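Enquirer: Take this structure first; my questions come after.
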Amino acid sequence: MSKSPEALSMLPPVVERSLRQLGEDLALARVRRGESQRAWAQRLGVSVPTLIRLEQGDPGVGLGIVATALWLMGRAEALGELAAPQHDRGAMERDIQAAMQRRRSRSRTSSTAADKTGDPA
C-alpha cells in the first residue's frame with residue numbers, strides 16, 4: 001500500500017466529519033436500494049475494499065469514484081453545485097470589502113471636491 005499524501009493527514013476536523021457522513025450516507029443509499037457491496041462495487045467499477053473505504057469516508061478515495069456513486073444515486077448534479085461561485089463565501093466577502101473600499105474612496109473624493117468648490121456634497 002502506498003503512503004498517504006501529506007494533505008490527507010492534515011485534513012481539518014470538519015472535513016473529516018463531512019467525509020465520514022458522506023460515506024455513511026452513500027452506504028445507507030446502497031442498503032436502501034437493496035444492493036450488496038459486491039453489486040454496488042461492480043456498478044462503480046471498483047473493488048469491494050475500495051467501496052468499503054468510500055463508505056467509511058476515506059479521503060484517499062478518488063473524486064471520480066465519489067462522483068460515480070453520486071450518479072448511481074441520481075445526485076450527480078449536486079457535485080457541480082458544491083463549488084459554484086454564488087456559494088463561495090470567501091470571495092463574496094472579499095467582493096463586499098472591495099465595494100465598501102471603493103465607496104469610501106468615492107466619498108472622500110466627493111467630499112474633497114465639494115470642499116474645493118464650496119458646494120455641500
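Chain identifiers are assigned as A, B, and so on, following the order in which chains appear in the C-alpha cells; residues are numbered from 1 within each chain, and ligands are numbered from 1 in order of appearance.
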If we count only C-alpha atoms, what is near Leu70 of chain A at a cut-off of 8 Å, once residues fewer than 6 positions away on the same chain are taken out, given as a PDB file with all heavy atoms, in the first residue's frame?
Expert:
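Dumped to result38.pdb:
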ATOM      1  N   LEU A  26     -23.801   7.380   1.645  1.00  0.00           N
ATOM      2  CA  LEU A  26     -23.692   6.539   0.452  1.00  0.00           C
ATOM      3  C   LEU A  26     -23.980   5.080   0.805  1.00  0.00           C
ATOM      4  O   LEU A  26     -24.662   4.379   0.044  1.00  0.00           O
ATOM      5  CB  LEU A  26     -22.304   6.683  -0.181  1.00  0.00           C
ATOM      6  CG  LEU A  26     -22.019   8.033  -0.836  1.00  0.00           C
ATOM      7  CD1 LEU A  26     -20.546   8.138  -1.219  1.00  0.00           C
ATOM      8  CD2 LEU A  26     -22.920   8.255  -2.044  1.00  0.00           C
ATOM      9  N   ALA A  76     -25.784  13.279  -9.251  1.00  0.00           N
ATOM     10  CA  ALA A  76     -24.559  13.771  -9.885  1.00  0.00           C
ATOM     11  C   ALA A  76     -24.550  15.285 -10.022  1.00  0.00           C
ATOM     12  O   ALA A  76     -23.501  15.922  -9.908  1.00  0.00           O
ATOM     13  CB  ALA A  76     -24.368  13.111 -11.251  1.00  0.00           C
ATOM     14  N   LEU A  79     -22.844  17.511  -7.291  1.00  0.00           N
ATOM     15  CA  LEU A  79     -21.391  17.697  -7.295  1.00  0.00           C
ATOM     16  C   LEU A  79     -20.996  18.998  -7.963  1.00  0.00           C
ATOM     17  O   LEU A  79     -20.154  19.739  -7.462  1.00  0.00           O
ATOM     18  CB  LEU A  79     -20.721  16.509  -7.987  1.00  0.00           C
ATOM     19  CG  LEU A  79     -19.225  16.391  -7.857  1.00  0.00           C
ATOM     20  CD1 LEU A  79     -18.819  16.260  -6.398  1.00  0.00           C
ATOM     21  CD2 LEU A  79     -18.734  15.191  -8.632  1.00  0.00           C
TER      22      LEU A  79
END
Enquirer: Excluding same-chain residues fewer than 6 positions from segment 40-46 of chain A, what lies within 10 Å of it counting only C-alpha atoms, as a list in words?
Expert: Ala27, Arg30, Val31, Arg33, Gly34, Ile52, Gly64, Ile65, Val66, Ala67, Thr68, Ala69, Trp71 and Leu72 of chain A
Enquirer: Write out the residues from the selection above, keeping all heavy atoms, as an mmCIF file, in the first residue's frame.
Expert:
data_model
loop_
_atom_site.group_PDB
_atom_site.id
_atom_site.type_symbol
_atom_site.label_atom_id
_atom_site.label_comp_id
_atom_site.auth_asym_id
_atom_site.auth_seq_id
_atom_site.Cartn_x
_atom_site.Cartn_y
_atom_site.Cartn_z
ATOM 1 N N ALA A 27 -23.489 4.617 1.943
ATOM 2 C CA ALA A 27 -23.758 3.244 2.382
ATOM 3 C C ALA A 27 -25.257 3.053 2.622
ATOM 4 O O ALA A 27 -25.836 2.034 2.212
ATOM 5 C CB ALA A 27 -22.966 2.925 3.646
ATOM 6 N N ARG A 30 -27.091 2.709 -0.607
ATOM 7 C CA ARG A 30 -26.899 1.369 -1.177
ATOM 8 C C ARG A 30 -27.806 0.359 -0.484
ATOM 9 O O ARG A 30 -28.511 -0.423 -1.140
ATOM 10 C CB ARG A 30 -25.430 0.942 -1.041
ATOM 11 C CG ARG A 30 -25.163 -0.477 -1.532
ATOM 12 C CD ARG A 30 -23.729 -0.912 -1.289
ATOM 13 N NE ARG A 30 -23.293 -0.811 0.088
ATOM 14 C CZ ARG A 30 -23.617 -1.686 1.045
ATOM 15 N NH1 ARG A 30 -24.412 -2.711 0.780
ATOM 16 N NH2 ARG A 30 -23.152 -1.538 2.266
ATOM 17 N N VAL A 31 -27.826 0.406 0.839
ATOM 18 C CA VAL A 31 -28.640 -0.534 1.606
ATOM 19 C C VAL A 31 -30.128 -0.329 1.322
ATOM 20 O O VAL A 31 -30.880 -1.295 1.135
ATOM 21 C CB VAL A 31 -28.341 -0.385 3.120
ATOM 22 C CG1 VAL A 31 -29.331 -1.162 3.963
ATOM 23 C CG2 VAL A 31 -26.908 -0.836 3.415
ATOM 24 N N ARG A 33 -31.431 0.602 -1.321
ATOM 25 C CA ARG A 33 -31.723 0.079 -2.652
ATOM 26 C C ARG A 33 -31.632 -1.449 -2.696
ATOM 27 O O ARG A 33 -31.849 -2.058 -3.737
ATOM 28 C CB ARG A 33 -30.753 0.685 -3.671
ATOM 29 C CG ARG A 33 -31.075 2.130 -4.005
ATOM 30 C CD ARG A 33 -29.918 2.802 -4.729
ATOM 31 N NE ARG A 33 -30.270 4.098 -5.249
ATOM 32 C CZ ARG A 33 -30.412 5.189 -4.506
ATOM 33 N NH1 ARG A 33 -30.229 5.133 -3.204
ATOM 34 N NH2 ARG A 33 -30.744 6.340 -5.054
ATOM 35 N N GLY A 34 -31.248 -2.047 -1.576
ATOM 36 C CA GLY A 34 -31.146 -3.498 -1.506
ATOM 37 C C GLY A 34 -29.972 -4.061 -2.284
ATOM 38 O O GLY A 34 -30.005 -5.208 -2.730
ATOM 39 N N ILE A 52 -15.738 -0.167 0.438
ATOM 40 C CA ILE A 52 -15.737 -0.083 1.904
ATOM 41 C C ILE A 52 -15.038 1.194 2.344
ATOM 42 O O ILE A 52 -15.528 1.909 3.227
ATOM 43 C CB ILE A 52 -15.093 -1.347 2.524
ATOM 44 C CG1 ILE A 52 -16.005 -2.555 2.286
ATOM 45 C CG2 ILE A 52 -14.808 -1.140 4.008
ATOM 46 C CD1 ILE A 52 -15.365 -3.891 2.612
ATOM 47 N N GLY A 64 -13.466 10.787 -8.778
ATOM 48 C CA GLY A 64 -14.261 10.164 -9.823
ATOM 49 C C GLY A 64 -15.152 9.058 -9.275
ATOM 50 O O GLY A 64 -16.284 8.875 -9.721
ATOM 51 N N ILE A 65 -14.649 8.331 -8.292
ATOM 52 C CA ILE A 65 -15.439 7.263 -7.670
ATOM 53 C C ILE A 65 -16.589 7.877 -6.876
ATOM 54 O O ILE A 65 -17.729 7.411 -6.941
ATOM 55 C CB ILE A 65 -14.539 6.372 -6.781
ATOM 56 C CG1 ILE A 65 -13.522 5.641 -7.659
ATOM 57 C CG2 ILE A 65 -15.373 5.391 -5.959
ATOM 58 C CD1 ILE A 65 -12.399 4.975 -6.895
ATOM 59 N N VAL A 66 -16.296 8.940 -6.144
ATOM 60 C CA VAL A 66 -17.345 9.635 -5.390
ATOM 61 C C VAL A 66 -18.405 10.160 -6.354
ATOM 62 O O VAL A 66 -19.613 9.998 -6.134
ATOM 63 C CB VAL A 66 -16.760 10.788 -4.538
ATOM 64 C CG1 VAL A 66 -17.858 11.587 -3.867
ATOM 65 C CG2 VAL A 66 -15.780 10.248 -3.508
ATOM 66 N N ALA A 67 -17.974 10.773 -7.445
ATOM 67 C CA ALA A 67 -18.904 11.319 -8.433
ATOM 68 C C ALA A 67 -19.769 10.214 -9.041
ATOM 69 O O ALA A 67 -20.974 10.398 -9.231
ATOM 70 C CB ALA A 67 -18.135 12.061 -9.532
ATOM 71 N N THR A 68 -19.174 9.070 -9.308
ATOM 72 C CA THR A 68 -19.944 7.963 -9.872
ATOM 73 C C THR A 68 -20.945 7.429 -8.861
ATOM 74 O O THR A 68 -22.084 7.094 -9.223
ATOM 75 C CB THR A 68 -19.002 6.841 -10.356
ATOM 76 O OG1 THR A 68 -18.087 7.394 -11.312
ATOM 77 C CG2 THR A 68 -19.769 5.703 -11.000
ATOM 78 N N ALA A 69 -20.566 7.380 -7.596
ATOM 79 C CA ALA A 69 -21.501 6.947 -6.550
ATOM 80 C C ALA A 69 -22.679 7.910 -6.467
ATOM 81 O O ALA A 69 -23.837 7.492 -6.339
ATOM 82 C CB ALA A 69 -20.789 6.847 -5.207
ATOM 83 N N TRP A 71 -23.766 9.693 -8.929
ATOM 84 C CA TRP A 71 -24.530 9.442 -10.145
ATOM 85 C C TRP A 71 -25.455 8.230 -9.973
ATOM 86 O O TRP A 71 -26.622 8.264 -10.384
ATOM 87 C CB TRP A 71 -23.573 9.240 -11.315
ATOM 88 C CG TRP A 71 -24.246 8.838 -12.587
ATOM 89 C CD1 TRP A 71 -24.944 9.644 -13.436
ATOM 90 C CD2 TRP A 71 -24.284 7.529 -13.136
ATOM 91 N NE1 TRP A 71 -25.422 8.906 -14.494
ATOM 92 C CE2 TRP A 71 -25.030 7.599 -14.325
ATOM 93 C CE3 TRP A 71 -23.757 6.295 -12.736
ATOM 94 C CZ2 TRP A 71 -25.260 6.495 -15.125
ATOM 95 C CZ3 TRP A 71 -23.987 5.193 -13.533
ATOM 96 C CH2 TRP A 71 -24.732 5.303 -14.714
ATOM 97 N N LEU A 72 -24.937 7.168 -9.341
ATOM 98 C CA LEU A 72 -25.761 5.983 -9.110
ATOM 99 C C LEU A 72 -26.982 6.313 -8.247
ATOM 100 O O LEU A 72 -28.023 5.681 -8.366
ATOM 101 C CB LEU A 72 -24.946 4.876 -8.429
ATOM 102 C CG LEU A 72 -23.960 4.121 -9.301
ATOM 103 C CD1 LEU A 72 -23.142 3.149 -8.463
ATOM 104 C CD2 LEU A 72 -24.672 3.389 -10.426
#
Enquirer: Where in chain A does DSSP assign alpha helix (DSSP H), given as a ChimeraX atom specification?
Expert: /A:6-9,13-32,37-44,48-55,63-72,76-81,89-117
Enquirer: Quick one: residues within 12 Å of Pro5 of chain A, only C-alpha atoms counted, chain neighbours fewer than 5 positions away excluded, as a list in words?
Expert: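 With the cut-off at 12 Å, the set is Met10, Leu11, Pro59 and Gly60 of chain A.
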Enquirer: Have a look at atom CA of Leu22 of chain A and atom CA of Ala91 of chain A and let me know their distance in Å, one decimal.
Expert: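 Rounded to one decimal, the two atoms are 25.6 Å apart.
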Enquirer: Atom CA of Glu24 of chain A to atom CA of Gln37 of chain A: how many Å, to one decimal?
Expert: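 Taking atom CA of Glu24 of chain A and atom CA of Gln37 of chain A, their separation equals 13.3 Å.
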